[in-house]
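> One file is attached below, start_1.cif, containing mmCIF, C-alpha atoms.
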```
data_query
loop_
_atom_site.label_atom_id
_atom_site.label_comp_id
_atom_site.auth_asym_id
_atom_site.auth_seq_id
_atom_site.Cartn_x
_atom_site.Cartn_y
_atom_site.Cartn_z
CA MET Q 246 8.07 32.70 11.84
CA SER Q 247 11.22 34.00 13.50
CA GLU Q 248 14.47 33.69 11.66
CA GLU Q 249 18.10 33.55 12.71
CA LYS Q 250 20.67 33.58 9.90
CA ASN Q 251 24.06 31.93 10.15
CA ASP Q 252 25.61 31.85 6.65
CA ASN Q 253 24.02 28.89 4.88
CA LEU Q 254 22.37 27.50 8.00
CA ARG Q 255 19.48 29.14 9.81
CA GLU Q 256 16.81 28.15 12.29
CA GLU Q 257 13.16 28.81 11.71
CA LEU Q 258 10.11 28.32 13.87
CA ILE Q 259 7.51 26.33 11.94
CA ARG Q 260 3.94 26.70 13.16
CA TYR Q 261 1.51 24.02 12.04
CA TYR Q 262 -2.19 24.66 11.55
CA ASP Q 263 -3.09 22.56 14.61
CA GLY Q 264 -1.14 24.94 16.86
CA ALA Q 265 1.95 22.72 17.21
CA GLU Q 266 5.31 24.29 16.45
CA ARG Q 267 8.95 23.34 16.18
CA VAL Q 268 12.27 25.00 15.45
CA ALA Q 269 13.74 23.52 12.28
CA LYS Q 270 17.26 23.73 10.93
CA ILE Q 271 17.17 25.10 7.38
CA VAL Q 272 20.00 24.82 4.84
CA ASP Q 273 19.47 26.38 1.41
CA GLU Q 274 20.77 23.41 -0.50
CA GLU Q 275 18.78 21.17 -2.80
CA VAL Q 276 19.19 17.39 -2.86
CA PRO Q 277 18.36 16.06 -6.35
CA TYR Q 278 15.41 13.72 -6.72
CA PRO Q 279 16.66 10.17 -7.45
CA ASP Q 280 16.01 9.13 -11.07
CA GLY Q 281 13.58 6.27 -11.65
CA LYS Q 282 12.24 6.13 -8.09
CA LEU Q 283 8.89 6.79 -6.50
CA ILE Q 284 8.74 7.99 -2.90
CA VAL Q 285 5.78 6.29 -1.23
CA SER Q 286 4.12 6.74 2.14
CA ARG Q 287 0.80 6.07 3.78
CA THR Q 288 -0.82 7.84 6.69
CA ASP Q 289 -3.84 7.29 8.87
CA VAL Q 290 -6.80 9.67 8.54
CA LYS Q 291 -5.12 12.19 10.86
CA GLY Q 292 -1.89 12.34 8.84
CA PHE Q 293 0.30 10.13 11.02
CA ILE Q 294 2.71 7.99 8.99
CA THR Q 295 1.96 4.25 8.91
CA HIS Q 296 4.18 3.11 5.99
CA VAL Q 297 7.20 4.44 4.11
CA ASN Q 298 9.26 2.88 1.34
CA GLN Q 299 13.06 2.90 1.25
CA ALA Q 300 13.19 5.88 -1.14
CA PHE Q 301 11.18 7.90 1.43
CA VAL Q 302 13.61 6.94 4.20
CA ASP Q 303 16.64 7.76 2.03
CA MET Q 304 15.37 11.15 0.88
CA SER Q 305 13.96 12.31 4.22
CA GLY Q 306 17.18 11.63 6.14
CA TYR Q 307 15.19 10.14 9.04
CA THR Q 308 15.24 6.49 10.07
CA ARG Q 309 12.18 4.35 9.41
CA GLU Q 310 11.64 4.16 13.18
CA GLU Q 311 11.63 7.96 13.47
CA LEU Q 312 9.12 8.23 10.63
CA ILE Q 313 6.51 5.62 11.58
CA GLY Q 314 4.02 7.29 13.91
CA ALA Q 315 5.31 10.80 13.15
CA ASN Q 316 2.99 13.41 11.65
CA HIS Q 317 3.53 13.76 7.91
CA ASN Q 318 4.15 17.48 8.43
CA ILE Q 319 7.63 16.49 9.67
CA LEU Q 320 8.55 17.12 5.99
CA ARG Q 321 7.05 20.59 5.85
CA HIS Q 322 9.48 23.22 4.61
CA PRO Q 323 8.89 26.80 5.84
CA ASP Q 324 8.92 28.01 2.21
CA MET Q 325 5.70 26.05 1.59
CA PRO Q 326 2.60 28.22 2.16
CA ALA Q 327 0.05 26.83 4.61
CA ILE Q 328 -2.69 27.35 2.02
CA ALA Q 329 -1.13 24.70 -0.24
CA PHE Q 330 -1.64 22.08 2.47
CA LYS Q 331 -5.15 23.37 3.22
CA GLY Q 332 -5.94 22.73 -0.46
CA LEU Q 333 -4.50 19.23 -0.16
CA TRP Q 334 -6.58 18.34 2.92
CA ASP Q 335 -9.76 19.94 1.57
CA THR Q 336 -9.39 17.84 -1.60
CA VAL Q 337 -8.56 14.44 -0.10
CA GLU Q 338 -11.15 14.80 2.67
CA LYS Q 339 -13.75 15.04 -0.10
CA GLY Q 340 -12.47 11.66 -1.34
CA GLU Q 341 -10.67 13.15 -4.35
CA LYS Q 342 -7.11 12.92 -5.67
CA TRP Q 343 -4.75 15.86 -5.01
CA GLN Q 344 -1.69 16.66 -7.05
CA GLY Q 345 0.87 19.41 -6.60
CA PHE Q 346 4.52 20.40 -6.40
CA VAL Q 347 6.02 20.38 -2.93
CA LYS Q 348 9.32 21.52 -1.42
CA ASN Q 349 10.11 19.01 1.32
CA LEU Q 350 12.41 19.49 4.28
CA ARG Q 351 15.01 16.85 5.12
CA LYS Q 352 16.19 16.09 8.62
CA ASP Q 353 19.55 17.77 7.89
CA GLY Q 354 17.80 21.01 6.85
CA THR Q 355 18.35 20.64 3.11
CA TYR Q 356 15.40 20.23 0.75
CA TYR Q 357 14.08 18.32 -2.26
CA TRP Q 358 11.26 19.09 -4.68
CA VAL Q 359 8.64 16.50 -5.65
CA LYS Q 360 5.52 16.19 -7.74
CA ALA Q 361 3.17 14.66 -5.18
CA THR Q 362 -0.11 12.82 -5.62
CA VAL Q 363 -2.28 11.95 -2.62
CA ILE Q 364 -5.31 9.69 -2.76
CA PRO Q 365 -7.69 8.50 -0.05
CA ASN Q 366 -7.62 4.78 0.78
CA ILE Q 367 -11.24 3.64 0.70
CA ARG Q 368 -12.00 0.09 1.86
CA ASN Q 369 -15.59 -1.16 1.86
CA GLY Q 370 -16.76 2.42 1.71
CA GLN Q 371 -14.68 3.46 4.73
CA LEU Q 372 -11.81 5.97 4.66
CA LEU Q 373 -8.78 4.26 6.23
CA GLY Q 374 -6.03 6.76 5.42
CA TYR Q 375 -4.10 8.23 2.54
CA THR Q 376 -1.42 7.08 0.10
CA SER Q 377 1.06 9.65 -1.13
CA VAL Q 378 3.35 8.99 -4.10
CA ARG Q 379 6.02 11.47 -5.24
CA ARG Q 380 7.90 11.57 -8.51
CA LYS Q 381 10.59 13.69 -10.10
CA PRO Q 382 9.36 17.15 -11.15
CA SER Q 383 10.72 19.22 -14.05
CA ARG Q 384 12.89 22.29 -13.37
CA SER Q 385 10.32 24.51 -15.08
CA LYS Q 386 7.55 23.30 -12.74
CA ILE Q 387 9.83 23.91 -9.73
CA ARG Q 388 10.52 27.48 -10.90
CA GLU Q 389 6.79 28.11 -11.43
CA SER Q 390 5.97 26.70 -7.99
CA GLU Q 391 8.69 28.76 -6.26
CA ALA Q 392 7.30 31.93 -7.83
CA LEU Q 393 3.71 31.03 -6.96
CA TYR Q 394 4.39 29.97 -3.35
CA ALA Q 395 6.39 33.16 -2.68
CA THR Q 396 3.20 35.14 -3.37
CA LEU Q 397 1.15 32.98 -0.96
CA MET Q 398 3.33 33.29 2.14
CA MET G 180 -18.68 -25.24 -19.58
CA PRO G 181 -14.99 -24.76 -18.85
CA LEU G 182 -13.81 -21.74 -16.87
CA ASN G 183 -11.62 -19.33 -18.78
CA LEU G 184 -8.00 -18.48 -18.01
CA THR G 185 -6.13 -15.69 -19.73
CA VAL G 186 -2.76 -13.99 -19.49
CA SER G 187 -1.77 -10.34 -19.79
CA PRO G 188 -0.76 -9.90 -23.46
CA ASP G 189 2.70 -8.64 -22.44
CA PHE G 190 4.01 -12.17 -21.75
CA ALA G 191 7.28 -12.97 -23.50
CA PRO G 192 6.71 -15.04 -26.72
CA ASP G 193 9.22 -17.62 -25.44
CA HIS G 194 6.83 -18.40 -22.59
CA ILE G 195 3.67 -19.17 -24.59
CA SER G 196 4.11 -22.92 -24.19
CA GLY G 197 4.65 -22.40 -20.44
CA TRP G 198 1.16 -20.93 -20.09
CA PHE G 199 -0.36 -23.96 -21.88
CA TYR G 200 1.55 -26.30 -19.51
CA PHE G 201 0.29 -24.15 -16.60
CA ASN G 202 -3.29 -24.59 -17.77
CA THR G 203 -2.86 -28.38 -18.01
CA TYR G 204 -1.22 -28.40 -14.54
CA LEU G 205 -4.13 -26.45 -13.00
CA GLN G 206 -6.77 -28.69 -14.61
CA ARG G 207 -5.10 -31.77 -13.14
CA LYS G 208 -4.68 -30.22 -9.70
CA LEU G 209 -8.24 -28.86 -9.51
CA GLY G 210 -9.99 -31.58 -11.53
CA ILE G 211 -11.97 -29.10 -13.60
CA PRO G 212 -11.87 -28.09 -17.28
CA ILE G 213 -10.17 -24.72 -17.92
CA HIS G 214 -9.85 -23.08 -21.30
CA LEU G 215 -6.79 -20.87 -21.96
CA GLU G 216 -7.39 -17.88 -24.20
CA LEU G 217 -4.40 -15.76 -25.22
CA TYR G 218 -4.66 -12.25 -26.67
CA ASP G 219 -2.25 -10.09 -28.61
CA SER G 220 -4.02 -6.86 -27.65
CA PHE G 221 -4.93 -5.35 -24.29
CA ALA G 222 -8.01 -3.67 -25.81
CA LYS G 223 -9.52 -6.96 -27.03
CA GLN G 224 -8.72 -8.67 -23.73
CA ARG G 225 -10.37 -5.84 -21.74
CA GLU G 226 -13.47 -6.10 -23.93
CA ASP G 227 -13.76 -9.83 -23.14
CA ILE G 228 -13.14 -9.18 -19.43
CA ARG G 229 -15.99 -6.66 -19.40
CA ASN G 230 -18.20 -9.17 -21.23
CA GLY G 231 -17.62 -11.74 -18.48
CA LYS G 232 -15.53 -14.09 -20.63
CA VAL G 233 -12.62 -14.30 -18.14
CA ASP G 234 -12.62 -16.18 -14.83
CA LEU G 235 -8.93 -16.36 -13.97
CA ILE G 236 -6.25 -13.94 -15.18
CA TYR G 237 -2.56 -13.31 -14.81
CA ALA G 238 -3.12 -9.58 -15.04
CA ASN G 239 -1.07 -6.54 -15.81
CA PRO G 240 -1.01 -4.37 -12.65
CA TYR G 241 -2.61 -1.51 -14.59
CA ASP G 242 -5.70 -3.69 -15.21
CA ALA G 243 -5.92 -4.88 -11.59
CA SER G 244 -7.96 -1.82 -10.58
CA MET G 245 -10.75 -2.56 -13.06
CA LEU G 246 -10.71 -6.28 -12.28
CA VAL G 247 -10.80 -5.91 -8.48
CA ARG G 248 -12.85 -2.75 -7.96
CA GLU G 249 -15.29 -3.03 -10.86
CA MET G 250 -15.48 -6.73 -11.75
CA GLY G 251 -15.22 -8.32 -8.27
CA PHE G 252 -11.99 -10.25 -8.91
CA LYS G 253 -9.82 -11.25 -5.98
CA ALA G 254 -6.01 -11.24 -5.93
CA LEU G 255 -4.67 -14.69 -5.01
CA THR G 256 -0.95 -14.68 -5.73
CA ARG G 257 1.87 -12.69 -7.28
CA PRO G 258 4.97 -13.98 -9.04
CA MET G 259 7.91 -14.37 -6.68
CA GLN G 260 10.89 -12.01 -7.17
CA LYS G 261 9.35 -10.37 -10.21
CA THR G 262 8.37 -6.72 -10.27
CA ASP G 263 7.54 -4.63 -13.34
CA GLU G 264 10.16 -1.99 -14.04
CA THR G 265 10.50 0.33 -17.01
CA VAL G 266 13.60 1.23 -19.03
CA ILE G 267 13.89 4.37 -21.17
CA ALA G 268 16.57 3.96 -23.84
CA VAL G 269 17.91 5.75 -26.91
CA SER G 270 20.23 4.67 -29.70
CA ALA G 271 23.88 4.46 -28.64
CA GLN G 272 24.55 7.05 -31.40
CA SER G 273 22.11 9.57 -29.87
CA SER G 274 23.52 12.83 -28.52
CA VAL G 275 20.98 12.60 -25.67
CA ASN G 276 22.46 11.38 -22.39
CA SER G 277 19.68 12.13 -19.90
CA VAL G 278 15.90 12.34 -19.96
CA GLU G 279 16.09 16.11 -19.38
CA GLU G 280 17.91 16.54 -22.71
CA LEU G 281 14.97 15.12 -24.72
CA GLN G 282 13.13 17.85 -26.62
CA PRO G 283 9.47 18.47 -27.54
CA GLY G 284 8.64 16.82 -30.85
CA ALA G 285 10.71 13.73 -30.01
CA ILE G 286 9.44 10.47 -31.55
CA LEU G 287 8.67 7.91 -28.84
CA ALA G 288 8.54 4.18 -29.62
CA THR G 289 6.33 2.37 -27.12
CA THR G 290 3.99 -0.63 -26.85
CA ASP G 291 0.40 -1.00 -25.63
CA ASP G 292 1.76 -2.47 -22.36
CA PRO G 293 -0.12 -0.12 -20.00
CA ASP G 294 2.07 -0.20 -16.89
CA VAL G 295 5.31 0.24 -18.83
CA HIS G 296 3.84 3.09 -20.89
CA THR G 297 2.46 4.83 -17.78
CA MET G 298 5.76 4.55 -15.89
CA GLY G 299 7.68 5.64 -18.98
CA MET G 300 5.54 8.76 -19.41
CA ILE G 301 6.06 9.61 -15.73
CA MET G 302 9.80 9.34 -16.19
CA LEU G 303 9.59 11.77 -19.15
CA GLU G 304 7.93 14.45 -16.99
CA PRO G 305 11.25 15.91 -15.77
CA ALA G 306 11.79 16.93 -19.44
CA ASP G 307 8.31 18.57 -19.57
CA LEU G 308 7.26 15.97 -22.13
CA ASP G 309 3.79 14.50 -22.31
CA GLU G 310 1.52 13.09 -24.99
CA SER G 311 0.70 16.61 -26.23
CA ASN G 312 4.27 17.42 -27.29
CA ILE G 313 5.80 14.11 -28.43
CA GLN G 314 5.04 11.84 -31.38
CA LEU G 315 3.91 8.36 -30.32
CA LYS G 316 4.69 5.22 -32.30
CA THR G 317 2.91 2.27 -30.68
CA LEU G 318 4.57 -0.98 -31.74
CA LYS G 319 3.73 -4.66 -31.20
CA ASN G 320 6.69 -5.63 -29.02
CA TYR G 321 10.01 -4.56 -27.50
CA VAL G 322 12.09 -6.01 -30.35
CA LEU G 323 10.30 -3.62 -32.71
CA VAL G 324 10.86 -0.74 -30.24
CA ALA G 325 14.60 -1.53 -30.29
CA LYS G 326 14.66 -1.82 -34.10
CA SER G 327 12.90 1.53 -34.37
CA LEU G 328 15.64 3.17 -32.26
CA LEU G 329 18.45 1.44 -34.15
CA LYS G 330 17.06 2.50 -37.54
CA GLY G 331 16.70 6.09 -36.35
CA GLU G 332 12.91 5.95 -36.77
CA ALA G 333 12.36 6.90 -33.11
CA ASP G 334 14.36 9.10 -30.73
CA VAL G 335 13.51 7.31 -27.50
CA GLY G 336 11.89 4.01 -26.51
CA PHE G 337 10.10 2.42 -23.55
CA PHE G 338 10.81 -1.18 -22.53
CA LEU G 339 9.69 -3.52 -19.78
CA LYS G 340 13.02 -4.05 -18.00
CA GLN G 341 12.74 -7.80 -18.41
CA GLY G 342 11.98 -7.30 -22.13
CA TYR G 343 15.05 -5.07 -22.46
CA ASP G 344 17.28 -7.54 -20.61
CA GLU G 345 16.07 -10.38 -22.88
CA LEU G 346 17.12 -8.55 -26.08
CA SER G 347 20.32 -9.91 -27.65
CA THR G 348 23.64 -8.57 -26.40
CA LEU G 349 24.25 -7.16 -29.87
CA ILE G 350 21.01 -5.14 -29.92
CA ARG G 351 21.55 -3.90 -26.37
CA SER G 352 25.07 -2.78 -27.28
CA GLU G 353 23.51 -0.48 -29.91
CA MET G 354 21.42 1.33 -27.28
CA LYS G 355 22.01 3.32 -24.10
CA VAL G 356 19.74 3.43 -21.08
CA LEU G 357 18.74 6.90 -19.88
CA VAL G 358 16.83 5.73 -16.82
CA SER G 359 15.62 2.46 -15.33
CA SER G 360 12.82 2.54 -12.78
CA GLN G 361 13.29 1.14 -9.27
CA ILE G 362 9.72 1.01 -8.01
CA GLY G 363 9.75 -2.48 -6.46
CA VAL G 364 6.03 -2.69 -5.63
CA ILE G 365 4.29 -2.87 -9.01
CA HIS G 366 3.92 -6.41 -10.32
CA HIS G 367 1.59 -8.73 -12.21
CA VAL G 368 -1.03 -10.53 -10.17
CA LEU G 369 -3.10 -13.69 -10.53
CA LEU G 370 -6.76 -12.75 -10.02
CA ALA G 371 -9.79 -15.01 -9.75
CA GLY G 372 -13.26 -13.85 -10.76
CA PRO G 373 -16.55 -14.61 -9.01
CA ALA G 374 -17.13 -17.83 -11.04
CA PHE G 375 -13.87 -19.19 -9.63
CA ALA G 376 -14.85 -18.54 -5.99
CA GLN G 377 -15.43 -22.18 -5.01
CA TYR G 378 -11.98 -23.19 -6.31
CA GLN G 379 -10.02 -20.26 -4.85
CA GLU G 380 -8.74 -22.10 -1.79
CA ALA G 381 -7.62 -25.18 -3.72
CA LEU G 382 -6.09 -23.02 -6.43
CA THR G 383 -4.12 -20.86 -3.98
CA SER G 384 -2.83 -23.96 -2.24
CA ALA G 385 -1.79 -25.54 -5.58
CA LEU G 386 0.01 -22.36 -6.62
CA LEU G 387 1.87 -21.86 -3.35
CA THR G 388 3.20 -25.43 -3.39
CA MET G 389 3.96 -25.45 -7.12
CA SER G 390 7.69 -24.76 -6.69
CA GLU G 391 8.02 -27.73 -4.30
CA ASP G 392 6.74 -30.21 -6.86
CA PRO G 393 9.13 -31.26 -9.74
CA LYS G 394 6.36 -31.02 -12.37
CA GLY G 395 5.27 -27.66 -10.99
CA ARG G 396 8.87 -26.37 -11.03
CA SER G 397 9.24 -27.39 -14.67
CA VAL G 398 6.01 -25.57 -15.60
CA LEU G 399 7.15 -22.47 -13.70
CA GLN G 400 10.47 -22.53 -15.52
CA ASN G 401 8.65 -22.61 -18.86
CA MET G 402 6.61 -19.58 -17.75
CA GLY G 403 9.76 -17.71 -16.74
CA LEU G 404 8.73 -17.71 -13.06
CA VAL G 405 10.32 -19.13 -9.91
CA GLY G 406 7.16 -19.48 -7.83
CA TRP G 407 4.15 -17.72 -6.38
CA GLU G 408 3.64 -15.65 -3.23
CA GLU G 409 0.31 -15.19 -1.51
CA MET G 410 -1.24 -11.77 -1.94
CA SER G 411 -3.63 -10.40 0.66
CA GLU G 412 -6.61 -8.24 -0.19
CA GLU G 413 -4.81 -5.26 1.36
CA ASP G 414 -1.66 -5.96 -0.70
CA SER G 415 -3.70 -5.71 -3.89
CA GLU G 416 -5.63 -2.63 -2.69
CA PHE G 417 -2.31 -0.93 -1.84
CA MET G 418 -0.92 -1.62 -5.31
CA ILE G 419 -4.13 -0.40 -6.94
CA ASP G 420 -4.06 2.83 -4.86
CA LEU G 421 -0.45 3.35 -5.88
CA ILE G 422 -1.21 2.85 -9.57
CA ASP G 423 -4.20 5.22 -9.26
CA THR G 424 -1.78 7.96 -8.14
CA LEU G 425 0.15 7.49 -11.39
CA ILE G 426 -2.84 7.86 -13.70
CA ASP G 427 -3.87 11.46 -14.38
#
```
Can I see the file as structure tokens?

Amino acid sequence: MSEEKNDNLREELIRYYDGAERVAKIVDEEVPYPDGKLIVSRTDVKGFITHVNQAFVDMSGYTREELIGANHNILRHPDMPAIAFKGLWDTVEKGEKWQGFVKNLRKDGTYYWVKATVIPNIRNGQLLGYTSVRRKPSRSKIRESEALYATLM
Amino acid sequence: MPLNLTVSPDFAPDHISGWFYFNTYLQRKLGIPIHLELYDSFAKQREDIRNGKVDLIYANPYDASMLVREMGFKALTRPMQKTDETVIAVSAQSSVNSVEELQPGAILATTDDPDVHTMGMIMLEPADLDESNIQLKTLKNYVLVAKSLLKGEADVGFFLKQGYDELSTLIRSEMKVLVSSQIGVIHHVLLAGPAFAQYQEALTSALLTMSEDPKGRSVLQNMGLVGWEEMSEEDSEFMIDLIDTLID
């Protein structure tokens, strides 16, 4: 990843595991998770978004139209190690539930932390996609995750 | 032998008669005998469900997974404009003003209402609280949860939002809400079991037109509902997937 610092705002090149890349605007400012809400999305089997709830739209900073059809990695923050997402995909592709703490990137470059759970959607024995539900994490879990992820970069 | 109808035990006591009227209404519309069995415990109701003693149920969303995926029930309708939300409250005298200020060892007053308890526990996670570091007091209903807070016998309580809103103004004035969920997609659901299969179409039709018929409207009012909305198989699967993500 290349990095260009400009006070609070910087640009970083994010490389995804499938070879795609994009330059993202990064602002080191946290947006608090909204109390009492769940952020919900669904994707197809390849990770392209098929459904988002209003809390997802509000927290991501994108419009619903921008989100539907986009790859879920649109939320990936460069501080998240690739191995965390490999663990997620390895788990859900086996048909199991994955849970972890994730730093998500908003469209405006700021970030928000979530406790995320992803489960496969099985219908009549067929895998149709995945449902992801995020909830508010504790500060202690965020601190633990920050320390852990820094060692995995 | 009549088919058996039951209702999630978290119904408000004021609406008991409404469920009896509903049963009479359904028997007239469908022309078949239906027996209504009410329970005051989720555990006993689940035991009877597993023993095949239930054919039609107005189910708590938490139980929908077992009913649909293990027992072959099918979601027919959901109550219109009625989602299940959870309120976490403390006594108005409490020094605690946010969930994050609650401390390990806190005494939690809750009920056996599974979706409210599950959502409540999720909303305690930001304080690093779980069942290993709090003291649980499981009470019969939300009035007792409120009384427990007011008497200082519990530090924090979980309520179904509707249950909280239906408490008297006086009781509510003695409490403060720390957080109220805004999930919007978790709700009760009317599910029909395999023995009800041949009546499903007629039943769905009767339910969807219930609010257009004066007798039906009166029954709905007594149940605390405004009407029914059709629920597709995918709608119920989506809700079940969502609830599965909330259960560790």
> Determine, counting all atoms listed in the file, which protein, DNA and RNA residues have an atom within 7 Å of an atom of Q:Gln344; residues of the same chain fewer than 6 positions away are not included. Present the result as a ChimeraX atom specification.
/Q:361-363
> Next, write the just-selected residues to a file, as a compact mmCIF listing (two decimals), in the coordinates of the input, keeping C-alpha atoms as the atom set.

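Full text of selection.txt as output:
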```
# COMPACT_ATOMS: atom_id res chain seq x y z
CA ALA Q 361 3.17 14.66 -5.18
CA THR Q 362 -0.11 12.82 -5.62
CA VAL Q 363 -2.28 11.95 -2.62
```
> Using the chain letters and residue numbers of this document, give as a list in words the residues selected by the PyMOL selection byres ((chain G and resi 412-417) around 9).
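Selection result, ordered by chain and number: Asn366, Arg368 and Thr376 of chain Q; Ala243, Ser244, Val247, Arg248, Lys253, Ala254, Leu255, Val368, Met410, Ser411, Met418, Ile419, Asp420, Leu421 and Ile422 of chain G.
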> Fewer than 4 positions away in the same chain doesn't count, so skip those; otherwise give me all residues within 9 Å of Q:Leu373, counting all atoms listed in the file, as a list in words.
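Here the answer would be Thr288, Asp289, Val290, Pro365, Asn366, Ile367 and Arg368 of chain Q.
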> What does the distance between atom CA of G:Glu280 and atom CA of G:Ala268 come to in Å, to one decimal place?
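Atom-to-atom, atom CA of G:Glu280 and atom CA of G:Ala268 are spaced 12.7 Å apart.
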> Written as a PyMOL selection string, what is the full residue list that the PyMOL selection byres ((chain Q) within 12 of (chain G)) yields on the file shown?
chain Q and resi 277-287+296+298-301+341-345+358-370+373-387
> What does the file look like for those residues with C-alpha atoms, as a compact mmCIF listing (two decimals), keeping the file's coordinate frame?

```txt
# COMPACT_ATOMS: atom_id res chain seq x y z
CA PRO Q 277 18.36 16.06 -6.35
CA TYR Q 278 15.41 13.72 -6.72
CA PRO Q 279 16.66 10.17 -7.45
CA ASP Q 280 16.01 9.13 -11.07
CA GLY Q 281 13.58 6.27 -11.65
CA LYS Q 282 12.24 6.13 -8.09
CA LEU Q 283 8.89 6.79 -6.50
CA ILE Q 284 8.74 7.99 -2.90
CA VAL Q 285 5.78 6.29 -1.23
CA SER Q 286 4.12 6.74 2.14
CA ARG Q 287 0.80 6.07 3.78
CA HIS Q 296 4.18 3.11 5.99
CA ASN Q 298 9.26 2.88 1.34
CA GLN Q 299 13.06 2.90 1.25
CA ALA Q 300 13.19 5.88 -1.14
CA PHE Q 301 11.18 7.90 1.43
CA GLU Q 341 -10.67 13.15 -4.35
CA LYS Q 342 -7.11 12.92 -5.67
CA TRP Q 343 -4.75 15.86 -5.01
CA GLN Q 344 -1.69 16.66 -7.05
CA GLY Q 345 0.87 19.41 -6.60
CA TRP Q 358 11.26 19.09 -4.68
CA VAL Q 359 8.64 16.50 -5.65
CA LYS Q 360 5.52 16.19 -7.74
CA ALA Q 361 3.17 14.66 -5.18
CA THR Q 362 -0.11 12.82 -5.62
CA VAL Q 363 -2.28 11.95 -2.62
CA ILE Q 364 -5.31 9.69 -2.76
CA PRO Q 365 -7.69 8.50 -0.05
CA ASN Q 366 -7.62 4.78 0.78
CA ILE Q 367 -11.24 3.64 0.70
CA ARG Q 368 -12.00 0.09 1.86
CA ASN Q 369 -15.59 -1.16 1.86
CA GLY Q 370 -16.76 2.42 1.71
CA LEU Q 373 -8.78 4.26 6.23
CA GLY Q 374 -6.03 6.76 5.42
CA TYR Q 375 -4.10 8.23 2.54
CA THR Q 376 -1.42 7.08 0.10
CA SER Q 377 1.06 9.65 -1.13
CA VAL Q 378 3.35 8.99 -4.10
CA ARG Q 379 6.02 11.47 -5.24
CA ARG Q 380 7.90 11.57 -8.51
CA LYS Q 381 10.59 13.69 -10.10
CA PRO Q 382 9.36 17.15 -11.15
CA SER Q 383 10.72 19.22 -14.05
CA ARG Q 384 12.89 22.29 -13.37
CA SER Q 385 10.32 24.51 -15.08
CA LYS Q 386 7.55 23.30 -12.74
CA ILE Q 387 9.83 23.91 -9.73
```
> So what do you get for atom CA of Q:Lys348 versus atom CA of Q:Ala392, distance-wise?
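Distance between the two atoms: 12.4 Å.
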> Starting from the displayed file, determine the output of the PyMOL selection byres ((chain G and resi 372) around 8) and express the residue list as number ranges by chain.
G: 233-235, 250-253, 370-371, 373-376
> With all atoms listed in the file as the counted atoms, please give the residues lying no more than 9 Å from stretch 220-227 of chain G, apart from itself and same-chain residues fewer than 5 positions off, as a list in words.
Thr185, Ser187, Pro188, Asp189, Lys232, Val233, Asp242, Asp291, Asp292, Pro293 and Lys319 of chain G
> May I ask which of the residues Q:Met325, Q:Asp303, Q:Arg309, Q:Ile319 is the closest one to Q:Glu266, counting all atoms listed in the file?
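Result for the nearest residue to Q:Glu266: Q:Ile319.
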> Please compute the atom CA of Q:Ile271-atom CA of Q:Pro326 distance, one decimal, in Å.
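If I compute the distance from atom CA of Q:Ile271 to atom CA of Q:Pro326, I get 15.8 Å.
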> Residues at most 6 Å from Q:Ala315, counting only C-alpha atoms, excluding those fewer than 2 positions away in the same chain, as number ranges by chain?
Q: 293-294, 312-313
> For G:Val324, find every residue with an atom within 10 Å (counting all atoms listed in the file), except residues of its own chain fewer than 6 positions away, and show them as an MDAnalysis selection string.
chainID G and resid 268 287:290 316:318 332:333 335:338 343
> Could you check the closest approach to G:Asp294 for each of G:His366, G:Arg396, G:Arg207, G:Lys355 and tell me which residue wins, using all atoms listed in the file?
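Looking only at the distances to G:Asp294, the closest residue turns out to be G:His366.
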> Hey, which of G:Ala271, G:Leu382, G:Leu339, G:Leu217 ends up closest to G:Arg351? Count only C-alpha atoms.
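So, comparing all the options, the nearest one is G:Ala271.
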> For Q:Ala265, which residue out of Q:Val297, Q:Asn316, Q:Val302, Q:Tyr307 is the nearest one, using only C-alpha atoms?
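For Q:Ala265, the nearest of the given residues is Q:Asn316.
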> Produce the centre coordinates and the three edge lengths, each in Å to one decimal, of the box along x, y and z that contains all listed atoms of stretch 371-388 of chain Q with 3 Å added on each side, as AutoDock Vina command-line options.

```
--center_x -0.9 --center_y 15.5 --center_z -4.4 --size_x 33.6 --size_y 30.0 --size_z 27.3
```
> Starting from the sparse input, extend stretch 300-306 of chain G to N, CA and C atoms and give the output as a CSV table (one decimal), in the coordinates of the input.

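Below is the file that was written, selection_33.csv:
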```csv
chain,number,residue,atom,x,y,z
G,300,MET,N,6.0,7.4,-19.3
G,300,MET,CA,5.5,8.8,-19.4
G,300,MET,C,5.8,9.6,-18.1
G,301,ILE,N,5.7,8.9,-17.0
G,301,ILE,CA,6.1,9.6,-15.7
G,301,ILE,C,7.5,10.0,-15.7
G,302,MET,N,8.4,9.1,-16.2
G,302,MET,CA,9.8,9.3,-16.2
G,302,MET,C,10.2,10.3,-17.3
G,303,LEU,N,9.3,10.7,-18.2
G,303,LEU,CA,9.6,11.8,-19.2
G,303,LEU,C,9.2,13.1,-18.6
G,304,GLU,N,8.4,13.2,-17.5
G,304,GLU,CA,7.9,14.4,-17.0
G,304,GLU,C,9.0,15.4,-16.6
G,305,PRO,N,10.2,15.0,-16.1
G,305,PRO,CA,11.2,15.9,-15.8
G,305,PRO,C,11.7,16.7,-17.0
G,306,ALA,N,11.4,16.2,-18.2
G,306,ALA,CA,11.8,16.9,-19.4
G,306,ALA,C,10.6,17.8,-19.9
```
